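Here's start-v1.csv, which has CSV, C-alpha atoms and all ligand atoms:
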chain,number,residue,atom,x,y,z
L,180,MET,CA,0.0,0.0,0.0
L,181,PRO,CA,1.3,3.5,-0.8
L,182,ASP,CA,2.1,5.7,2.2
L,183,GLN,CA,-0.7,8.1,3.1
L,184,PRO,CA,0.5,11.7,2.3
L,185,VAL,CA,1.3,13.5,5.6
L,186,ALA,CA,-1.3,16.2,6.4
L,187,ARG,CA,0.1,19.8,6.4
L,188,TYR,CA,-1.3,21.8,9.3
L,189,THR,CA,-1.5,25.5,10.0
L,190,TYR,CA,-2.6,27.2,13.2
L,191,LEU,CA,-3.0,30.5,14.9
L,192,GLY,CA,0.7,31.3,15.7
L,193,PRO,CA,3.4,32.1,16.3
L,194,GLU,CA,4.9,29.1,18.1
L,195,GLY,CA,3.7,28.8,21.7
L,196,THR,CA,0.0,29.7,21.3
L,197,PHE,CA,-2.6,27.6,23.1
L,198,THR,CA,-3.7,26.8,19.5
L,199,GLU,CA,-0.4,25.1,18.9
L,200,ALA,CA,-0.9,23.0,22.1
L,201,ALA,CA,-4.4,22.1,20.8
L,202,LEU,CA,-2.9,21.0,17.5
L,203,ARG,CA,-0.4,18.7,19.3
L,204,ALA,CA,-3.2,17.3,21.5
L,205,PHE,CA,-5.2,16.6,18.4
L,206,VAL,CA,-2.5,14.7,16.4
L,207,GLY,CA,-1.2,13.1,19.6
L,208,THR,CA,2.4,13.5,18.7
L,209,GLU,CA,5.1,16.2,18.6
L,210,GLN,CA,6.0,15.0,15.0
L,211,VAL,CA,3.6,17.1,12.8
L,212,ASP,CA,4.1,19.0,9.6
L,213,SER,CA,2.9,22.5,10.7
L,214,GLU,CA,3.3,26.1,9.8
L,215,PRO,CA,2.1,28.9,12.1
L,216,ALA,CA,-0.2,31.6,10.6
L,217,ALA,CA,-0.3,35.3,11.7
L,218,ASP,CA,-4.0,35.3,12.5
L,219,VAL,CA,-7.2,33.2,12.2
L,220,VAL,CA,-8.1,34.6,8.8
L,221,SER,CA,-4.7,33.7,7.3
L,222,ALA,CA,-4.9,30.2,8.8
L,223,LEU,CA,-8.3,29.6,7.2
L,224,GLU,CA,-7.2,31.2,3.9
L,225,ALA,CA,-4.2,28.9,3.8
L,226,VAL,CA,-6.5,25.9,3.8
L,227,ARG,CA,-8.9,27.5,1.2
L,228,GLY,CA,-5.9,28.2,-1.1
L,229,GLY,CA,-4.5,24.7,-0.7
L,230,HIS,CA,-1.3,25.8,1.1
L,231,ALA,CA,-2.3,23.7,4.1
L,232,ASP,CA,-4.6,20.7,4.4
L,233,LEU,CA,-5.9,21.5,7.9
L,234,ALA,CA,-6.1,24.6,10.2
L,235,VAL,CA,-6.5,24.6,13.9
L,236,VAL,CA,-8.2,27.8,15.2
L,237,PRO,CA,-9.9,28.8,18.5
L,238,MET,CA,-13.7,28.6,18.4
L,239,GLU,CA,-15.1,29.1,21.9
L,240,ASN,CA,-13.9,29.8,25.4
L,241,SER,CA,-15.7,28.8,28.6
L,242,VAL,CA,-15.3,32.3,30.1
L,243,GLU,CA,-15.4,34.7,27.1
L,244,GLY,CA,-17.6,32.7,24.7
L,245,GLY,CA,-17.3,32.4,20.9
L,246,VAL,CA,-14.4,33.6,18.9
L,247,ASN,CA,-16.2,35.9,16.4
L,248,VAL,CA,-13.4,36.0,13.7
L,249,THR,CA,-13.5,32.2,13.5
L,250,MET,CA,-17.3,31.9,13.3
L,251,ASP,CA,-17.5,34.8,10.7
L,252,THR,CA,-14.6,33.6,8.5
L,253,LEU,CA,-15.9,30.0,8.5
L,254,ALA,CA,-19.4,31.0,7.6
L,255,GLY,CA,-18.7,34.0,5.5
L,256,SER,CA,-17.1,32.9,2.2
L,257,ARG,CA,-18.5,31.5,-1.0
L,258,GLU,CA,-15.8,28.8,-0.9
L,259,PRO,CA,-16.9,26.6,2.0
L,260,LEU,CA,-14.7,25.1,4.7
L,261,VAL,CA,-15.8,22.3,7.1
L,262,ILE,CA,-14.9,21.4,10.6
L,263,VAL,CA,-13.5,17.8,10.9
L,264,GLY,CA,-12.5,17.7,14.5
L,265,GLU,CA,-12.4,19.6,17.9
L,266,VAL,CA,-10.0,19.8,20.8
L,267,VAL,CA,-10.6,21.2,24.3
L,268,VAL,CA,-7.6,22.6,26.2
L,269,PRO,CA,-7.4,23.9,29.7
L,270,VAL,CA,-6.1,27.5,29.7
L,271,SER,CA,-4.2,29.4,32.4
L,272,PHE,CA,-1.6,32.1,31.9
L,273,VAL,CA,1.7,33.4,33.1
L,274,LEU,CA,2.7,37.1,33.4
L,275,ALA,CA,5.9,37.2,31.4
L,276,VAL,CA,8.4,40.0,31.2
L,277,VAL,CA,11.9,40.8,29.9
L,278,PRO,CA,14.3,39.4,32.5
L,279,GLY,CA,14.9,42.2,35.1
L,280,THR,CA,11.5,43.9,34.8
L,281,ARG,CA,10.0,44.5,38.2
L,282,ARG,CA,6.3,43.9,39.0
L,283,GLU,CA,5.9,47.6,39.8
L,284,ASP,CA,7.2,48.5,36.3
L,285,VAL,CA,4.3,46.8,34.6
L,286,ARG,CA,1.9,49.4,33.2
L,287,TRP,CA,0.9,47.9,29.8
L,288,ILE,CA,0.1,44.2,29.3
L,289,SER,CA,-0.3,42.7,25.9
L,290,THR,CA,-2.3,39.6,25.1
L,291,HIS,CA,-5.1,38.2,23.0
L,292,PRO,CA,-8.5,39.8,23.9
L,293,HIS,CA,-9.9,36.4,24.9
L,294,ALA,CA,-7.0,35.9,27.3
L,295,TRP,CA,-7.4,39.4,28.8
L,296,ALA,CA,-11.1,38.7,29.4
L,297,GLN,CA,-10.0,35.6,31.4
L,298,CYS,CA,-7.5,37.5,33.6
L,299,ARG,CA,-9.3,40.9,34.0
L,300,GLY,CA,-10.1,40.2,37.7
L,301,TRP,CA,-6.6,39.1,38.5
L,302,VAL,CA,-5.1,42.2,36.9
L,303,ALA,CA,-7.5,44.5,38.7
L,304,ARG,CA,-6.5,42.9,42.0
L,305,GLU,CA,-2.8,42.5,41.5
L,306,LEU,CA,-1.8,45.3,39.0
L,307,ALA,CA,-4.6,47.8,39.4
L,308,ASP,CA,-3.0,50.5,37.2
L,309,ALA,CA,-2.1,48.2,34.3
L,310,ALA,CA,-4.0,48.5,31.0
L,311,HIS,CA,-4.4,46.1,28.0
L,312,MET,CA,-2.8,46.3,24.6
L,313,PRO,CA,-4.4,43.8,22.2
L,314,ALA,CA,-2.3,41.2,20.4
L,315,THR,CA,-3.2,38.7,17.6
L,316,SER,CA,-2.4,35.9,20.0
L,317,THR,CA,-0.9,35.3,23.4
L,318,ALA,CA,2.4,34.0,21.9
L,319,ALA,CA,2.5,37.0,19.5
L,320,ALA,CA,2.6,39.3,22.5
L,321,ALA,CA,5.4,37.2,24.1
L,322,ALA,CA,7.4,37.0,20.8
L,323,LEU,CA,7.2,40.8,20.3
L,324,LEU,CA,8.3,41.5,23.9
L,325,ALA,CA,11.2,39.2,23.6
L,326,GLU,CA,12.3,40.7,20.2
L,327,ARG,CA,11.8,44.4,21.0
L,328,GLY,CA,12.0,44.7,24.8
L,329,ARG,CA,11.0,48.2,26.0
L,330,GLU,CA,10.5,49.2,22.3
L,331,ALA,CA,7.5,46.8,22.1
L,332,GLY,CA,5.3,49.5,23.7
L,333,PHE,CA,4.2,47.2,26.6
L,334,ASP,CA,5.9,45.8,29.6
L,335,ALA,CA,4.5,42.3,30.0
L,336,ALA,CA,2.6,39.5,28.2
L,337,LEU,CA,-0.1,37.2,29.5
L,338,CYS,CA,0.7,34.0,27.6
L,339,SER,CA,1.2,30.3,28.2
L,340,ALA,CA,4.1,29.0,30.3
L,341,LEU,CA,5.4,27.4,27.2
L,342,SER,CA,5.6,30.7,25.2
L,343,ALA,CA,7.4,32.4,28.1
L,344,GLN,CA,10.0,29.7,28.1
L,345,ARG,CA,10.2,29.5,24.3
L,346,TYR,CA,10.8,33.2,24.0
L,347,GLY,CA,13.3,33.5,26.9
L,348,LEU,CA,11.0,35.6,29.1
L,349,GLU,CA,10.9,35.7,32.9
L,350,THR,CA,7.7,34.7,34.7
L,351,LEU,CA,6.4,37.2,37.4
L,352,ALA,CA,3.2,35.2,38.1
L,353,GLU,CA,1.9,31.8,37.1
L,354,GLY,CA,-1.5,30.2,37.2
L,355,VAL,CA,-3.1,33.5,36.2
L,356,ALA,CA,-6.8,32.9,35.5
L,357,ASP,CA,-10.0,34.3,37.1
L,358,ASN,CA,-11.6,30.9,36.6
L,359,PRO,CA,-9.2,28.0,37.4
L,360,HIS,CA,-11.4,25.6,35.3
L,361,ALA,CA,-11.4,27.7,32.1
L,362,VAL,CA,-11.1,25.8,28.8
L,363,THR,CA,-10.9,26.8,25.2
L,364,ARG,CA,-12.4,24.7,22.4
L,365,PHE,CA,-10.5,24.7,19.1
L,366,VAL,CA,-11.7,23.3,15.8
L,367,VAL,CA,-9.8,21.5,13.0
L,368,VAL,CA,-10.9,22.8,9.6
L,369,SER,CA,-10.4,21.4,6.1
L,370,ARG,CA,-11.7,21.8,2.6
L,371,PRO,CA,-14.9,19.9,2.0
L,372,GLY,CA,-14.5,16.1,1.4
L,373,PRO,CA,-15.7,12.8,2.8
L,374,LEU,CA,-17.1,13.5,6.3
L,375,PRO,CA,-15.5,11.9,9.4
L,376,GLU,CA,-17.5,8.8,10.2
L,377,ALA,CA,-20.2,9.0,12.9
L,378,THR,CA,-19.0,7.7,16.2
L,379,GLY,CA,-22.1,8.0,18.3
L,380,ALA,CA,-20.6,11.0,20.1
L,381,ASP,CA,-20.4,13.7,17.5
L,382,LYS,CA,-21.2,17.4,16.9
L,383,THR,CA,-22.5,19.2,13.8
L,384,THR,CA,-21.9,22.9,13.3
L,385,LEU,CA,-24.3,25.1,11.3
L,386,MET,CA,-24.8,28.7,10.3
L,387,VAL,CA,-28.5,29.6,9.7
L,388,HIS,CA,-30.3,32.7,8.5
L,389,LEU,CA,-34.0,33.3,9.5
L,390,PRO,CA,-36.7,34.8,7.3
L,391,ASP,CA,-36.9,38.6,7.7
L,392,ASN,CA,-39.6,40.2,9.9
L,393,GLU,CA,-41.4,37.0,10.7
L,394,ALA,CA,-42.8,36.7,14.3
L,395,GLY,CA,-41.7,33.4,15.8
L,396,ALA,CA,-39.0,32.7,13.2
L,397,LEU,CA,-36.5,31.9,15.9
L,398,LEU,CA,-38.9,29.6,17.6
L,399,THR,CA,-39.7,27.8,14.3
L,400,MET,CA,-36.0,27.2,13.7
L,401,LEU,CA,-35.5,25.8,17.3
L,402,GLU,CA,-38.5,23.6,17.0
L,403,GLN,CA,-36.8,21.7,14.2
L,404,PHE,CA,-34.3,20.4,16.7
L,405,ALA,CA,-36.6,20.1,19.7
L,406,VAL,CA,-39.2,17.8,18.1
L,407,ARG,CA,-36.4,15.5,16.8
L,408,GLY,CA,-34.7,15.3,20.2
L,409,VAL,CA,-31.5,17.1,19.0
L,410,ASN,CA,-29.8,19.0,21.7
L,411,LEU,CA,-27.8,22.3,20.9
L,412,SER,CA,-24.5,22.7,22.8
L,413,ARG,CA,-23.9,26.3,21.5
L,414,ILE,CA,-26.0,28.9,19.8
L,415,GLU,CA,-24.9,32.5,19.1
L,416,SER,CA,-26.2,35.3,17.0
L,417,ARG,CA,-23.8,37.3,14.7
L,418,PRO,CA,-24.8,40.4,12.8
L,419,ILE,CA,-25.1,39.7,9.0
L,420,GLY,CA,-23.6,43.2,8.4
L,421,ASP,CA,-25.8,44.8,5.7
L,422,SER,CA,-28.4,46.5,8.0
L,423,LEU,CA,-29.4,46.7,11.6
L,424,GLY,CA,-31.6,43.9,13.0
L,425,ARG,CA,-30.3,41.1,10.6
L,426,TYR,CA,-28.6,38.3,12.4
L,427,SER,CA,-27.3,34.9,11.5
L,428,PHE,CA,-27.1,32.0,14.1
L,429,SER,CA,-24.0,30.0,14.6
L,430,MET,CA,-24.7,26.7,16.4
L,431,ASP,CA,-23.3,23.3,17.4
L,432,LEU,CA,-25.7,20.4,17.8
L,433,GLU,CA,-25.2,17.0,19.4
L,434,GLY,CA,-25.1,14.4,16.7
L,435,HIS,CA,-23.8,13.6,13.2
L,436,VAL,CA,-25.6,14.3,9.9
L,437,ALA,CA,-25.4,10.6,9.2
L,438,GLU,CA,-27.9,10.1,12.1
L,439,GLU,CA,-31.6,10.1,11.2
L,440,ARG,CA,-32.7,12.7,13.8
L,441,VAL,CA,-30.0,15.1,12.8
L,442,ALA,CA,-30.8,14.6,9.1
L,443,ALA,CA,-34.5,15.2,9.8
L,444,ALA,CA,-33.7,18.4,11.7
L,445,LEU,CA,-31.6,19.6,8.7
L,446,ILE,CA,-34.4,18.8,6.3
L,447,GLY,CA,-36.8,20.8,8.5
L,448,LEU,CA,-34.3,23.8,8.6
L,449,HIS,CA,-33.9,23.7,4.9
L,450,ARG,CA,-37.7,24.1,4.5
L,451,VAL,CA,-38.1,27.0,6.9
L,452,CYS,CA,-34.8,29.0,6.8
L,453,PRO,CA,-33.6,31.0,3.7
L,454,LEU,CA,-30.0,29.9,4.3
L,455,VAL,CA,-28.5,26.9,6.1
L,456,ARG,CA,-24.8,26.4,5.8
L,457,PHE,CA,-23.4,23.0,6.9
L,458,LEU,CA,-20.0,23.5,8.6
L,459,GLY,CA,-19.2,19.9,9.4
L,460,SER,CA,-20.0,16.8,11.5
L,461,TYR,CA,-17.1,15.5,13.6
L,462,PRO,CA,-16.3,13.5,16.8
L,463,ARG,CA,-16.7,15.2,20.1
L,464,TRP,CA,-13.4,15.7,22.0
L,465,ASP,CA,-14.9,14.3,25.3
L,466,ARG,CA,-16.4,11.3,23.4
L,467,ARG,CA,-19.7,11.8,25.5
L,468,ALA,CA,-22.7,10.3,23.7
L,469,PRO,CA,-25.9,12.4,23.8
L,470,HIS,CA,-28.9,11.5,25.8
L,471,MET,CA,-31.4,10.0,23.3
L,472,ALA,CA,-35.1,10.7,24.0
L,473,PRO,CA,-37.6,7.8,23.3
L,474,GLY,CA,-38.5,7.7,19.6
L,475,THR,CA,-35.4,9.5,18.4
L,476,HIS,CA,-33.1,6.5,17.6
L,477,ASP,CA,-32.3,5.8,13.9
L,478,ALA,CA,-34.5,2.6,14.1
L,479,ASP,CA,-37.5,4.7,15.1
L,480,PHE,CA,-37.2,7.0,12.1
L,481,VAL,CA,-36.6,4.0,9.7
L,482,ALA,CA,-39.7,2.2,11.1
L,483,ALA,CA,-41.8,5.3,10.8
L,484,ARG,CA,-40.7,5.9,7.2
L,485,GLU,CA,-41.4,2.3,6.3
L,486,TRP,CA,-44.9,2.7,7.8
L,487,VAL,CA,-45.6,5.7,5.6
L,488,GLU,CA,-44.2,3.9,2.5
L,489,ASP,CA,-46.6,1.1,3.2
L,490,LEU,CA,-49.5,3.6,3.4
L,491,ARG,CA,-48.5,5.2,0.1
L,492,ALA,CA,-48.3,1.7,-1.5
L,493,GLY,CA,-51.8,0.9,-0.3
L,494,ARG,CA,-50.7,-1.5,2.4
L,495,VAL,CA,-52.9,-0.1,5.0
A,501,LIG,O1,-3.5,33.3,21.7
A,501,LIG,C1,-3.5,32.1,21.9
A,501,LIG,O2,-2.6,31.6,22.4
A,501,LIG,C2,-4.6,31.4,21.3
A,501,LIG,O3,-4.4,30.2,21.0
A,501,LIG,C3,-5.9,32.1,21.1
A,501,LIG,C4,-6.8,32.0,22.3
A,501,LIG,C5,-8.3,32.4,22.0
A,501,LIG,O4,-8.6,32.9,20.9
A,501,LIG,O5,-9.2,32.2,22.8
A,501,LIG,C6,-6.8,30.6,22.8
A,501,LIG,C7,-6.9,30.3,24.1
A,501,LIG,C8,-7.0,31.3,25.2
A,501,LIG,O6,-8.4,31.4,25.5
A,501,LIG,C9,-6.6,32.7,24.7
A,501,LIG,C10,-6.4,32.9,23.4

Have the structure of the file written as structure tokens, please.
Ligand SMILES: O=C(O)C(=O)C[C@]1(C(=O)O)C=C[C@@H](O)C=C1
Amino acid sequence: MPDQPVARYTYLGPEGTFTEAALRAFVGTEQVDSEPAADVVSALEAVRGGHADLAVVPMENSVEGGVNVTMDTLAGSREPLVIVGEVVVPVSFVLAVVPGTRREDVRWISTHPHAWAQCRGWVARELADAAHMPATSTAAAAALLAERGREAGFDAALCSALSAQRYGLETLAEGVADNPHAVTRFVVVSRPGPLPEATGADKTTLMVHLPDNEAGALLTMLEQFAVRGVNLSRIESRPIGDSLGRYSFSMDLEGHVAEERVAAALIGLHRVCPLVRFLGSYPRWDRRAPHMAPGTHDADFVAAREWVEDLRAGRV
């Protein structure tokens, strides 16, 4: 048998981001063909353009919620991309500085906005006068501080312990996190192709538009899931952008499109929503199977369909 070609990965870089840690957790080895990207959009564009096979990007954080740039870039282009996997990584930060910097010298702290949101309380308590300078990632802040020192325009980075070490920074505080159990969920994205097989513990990601100015349109959309026993694990609204009051809905549901109840919900959505974008069915990171309500197993749908076929054929 010929060797399988090695998948080329890209991820939100530079080296040392939590996204790189997620990539390594996903492939389960340090040996991976990977190239960091400057930001989420560039990582996803590298896959669209064929420069990489797979991109790992942050999707959702347990404290700060959805990563808008990921949701919008995945859903927003005419050339579709699909999610083929997910990874959940615990996140806690270190306060990293150029060696010799004292705690009382720290006025400006650079990090990714999602990281800042997870450490705001700690900063208010420990460094009350410090302010935030946004960076494209936690490791980008660390790398810039290591490269430019005082010329970077900030005094410290909130980043992973790995980045502080990789960029030769000194750690002034570790375990920085307002919520010690915070986790970030990352998704693995590819160009469309054969779907990952259903495992019995999967998720499906969708982006849906509702009909304009229709009372109850959101309820009608949600009913498509409820009546088929499909649980949603995330739903967020995002502005469509062309006028006020128009929103799309980004959501994850428990199940795989290969399952009857999920397929039936998608058929329902297709009938009642002007746009439904399928963004992938893929195994859950925690391998937790959904609770199945009575009457929602594949066999129940098959039996019900056969019954209707009998009726149509006159076998009453
Ligand atoms: O900047 C990083 O290190 C990232 O991997 C991005 C990111 C995010 O977008 O949420 C990932 C995990 C943390 O929640 C903070 C930042």

If you count all atoms listed in the file, which residues end up within 7 Å of ligand LIG 501 (chain A), as a PyMOL selection string?
-> chain L and resi 191+195-199+237+239-240+246+270+291+293-294+315-318+338+363

Could you tell me how far atom CA of L:Leu337 lies from atom CA of L:Asp308, in Å and to one decimal?
->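 So the two atoms, atom CA of L:Leu337 and atom CA of L:Asp308, lie 15.6 Å apart.
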
Determine, counting all atoms listed in the file, every residue of protein, DNA or RNA that lies within 9 Å of (-15.1, 13.0, 22.7) in the file coordinates, then give the result as a VMD selection string.
-> chain L and resid 265 to 266 380 to 381 462 to 468

Which is closest to L:Gly192 among L:Ala322, L:Pro259, L:Gln297, L:Arg329, if we use only C-alpha atoms?
-> L:Ala322

7 Å contact set for stretch 277-289 of chain L, only C-alpha atoms, chain neighbours under 2 positions out, as a PDB file with C-alpha atoms, keeping the file's coordinate frame:
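What follows is the written file around-v8.pdb:
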ATOM      1  CA  ASP L 308      -3.000  50.500  37.200  1.00  0.00           C
ATOM      2  CA  ALA L 309      -2.100  48.200  34.300  1.00  0.00           C
ATOM      3  CA  ALA L 310      -4.000  48.500  31.000  1.00  0.00           C
ATOM      4  CA  HIS L 311      -4.400  46.100  28.000  1.00  0.00           C
ATOM      5  CA  MET L 312      -2.800  46.300  24.600  1.00  0.00           C
ATOM      6  CA  PRO L 313      -4.400  43.800  22.200  1.00  0.00           C
ATOM      7  CA  ALA L 314      -2.300  41.200  20.400  1.00  0.00           C
ATOM      8  CA  ALA L 320       2.600  39.300  22.500  1.00  0.00           C
ATOM      9  CA  ALA L 325      11.200  39.200  23.600  1.00  0.00           C
ATOM     10  CA  GLY L 328      12.000  44.700  24.800  1.00  0.00           C
ATOM     11  CA  PHE L 333       4.200  47.200  26.600  1.00  0.00           C
ATOM     12  CA  ASP L 334       5.900  45.800  29.600  1.00  0.00           C
ATOM     13  CA  ALA L 335       4.500  42.300  30.000  1.00  0.00           C
ATOM     14  CA  ALA L 336       2.600  39.500  28.200  1.00  0.00           C
ATOM     15  CA  LEU L 337      -0.100  37.200  29.500  1.00  0.00           C
ATOM     16  CA  LEU L 348      11.000  35.600  29.100  1.00  0.00           C
ATOM     17  CA  GLU L 349      10.900  35.700  32.900  1.00  0.00           C
ATOM     18  CA  LEU L 351       6.400  37.200  37.400  1.00  0.00           C
TER      19      LEU L 351
END

Residues within 7 Å of stretch 434-437 of chain L, only C-alpha atoms, excluding chain neighbours under 4 positions, as a list in words =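 Returned residues: Ala377, Ala380, Asp381, Lys382, Thr383, Val441, Ala442, Ser460 and Tyr461 of chain L.
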
Residues just named, written with C-alpha atoms as a CSV table (one decimal), keeping the file's coordinate frame:
chain,number,residue,atom,x,y,z
L,377,ALA,CA,-20.2,9.0,12.9
L,380,ALA,CA,-20.6,11.0,20.1
L,381,ASP,CA,-20.4,13.7,17.5
L,382,LYS,CA,-21.2,17.4,16.9
L,383,THR,CA,-22.5,19.2,13.8
L,441,VAL,CA,-30.0,15.1,12.8
L,442,ALA,CA,-30.8,14.6,9.1
L,460,SER,CA,-20.0,16.8,11.5
L,461,TYR,CA,-17.1,15.5,13.6

Between atom CA of L:Asp212 and atom CA of L:Glu224 - distance in Å to one decimal | 17.6 Å

If you count all atoms listed in the file, which residues fall within 8 Å of L:Val242, apart from same-chain ones fewer than 2 positions away, as an MDAnalysis selection string?
-> chainID L and resid 240 244 296:297 358 361:362
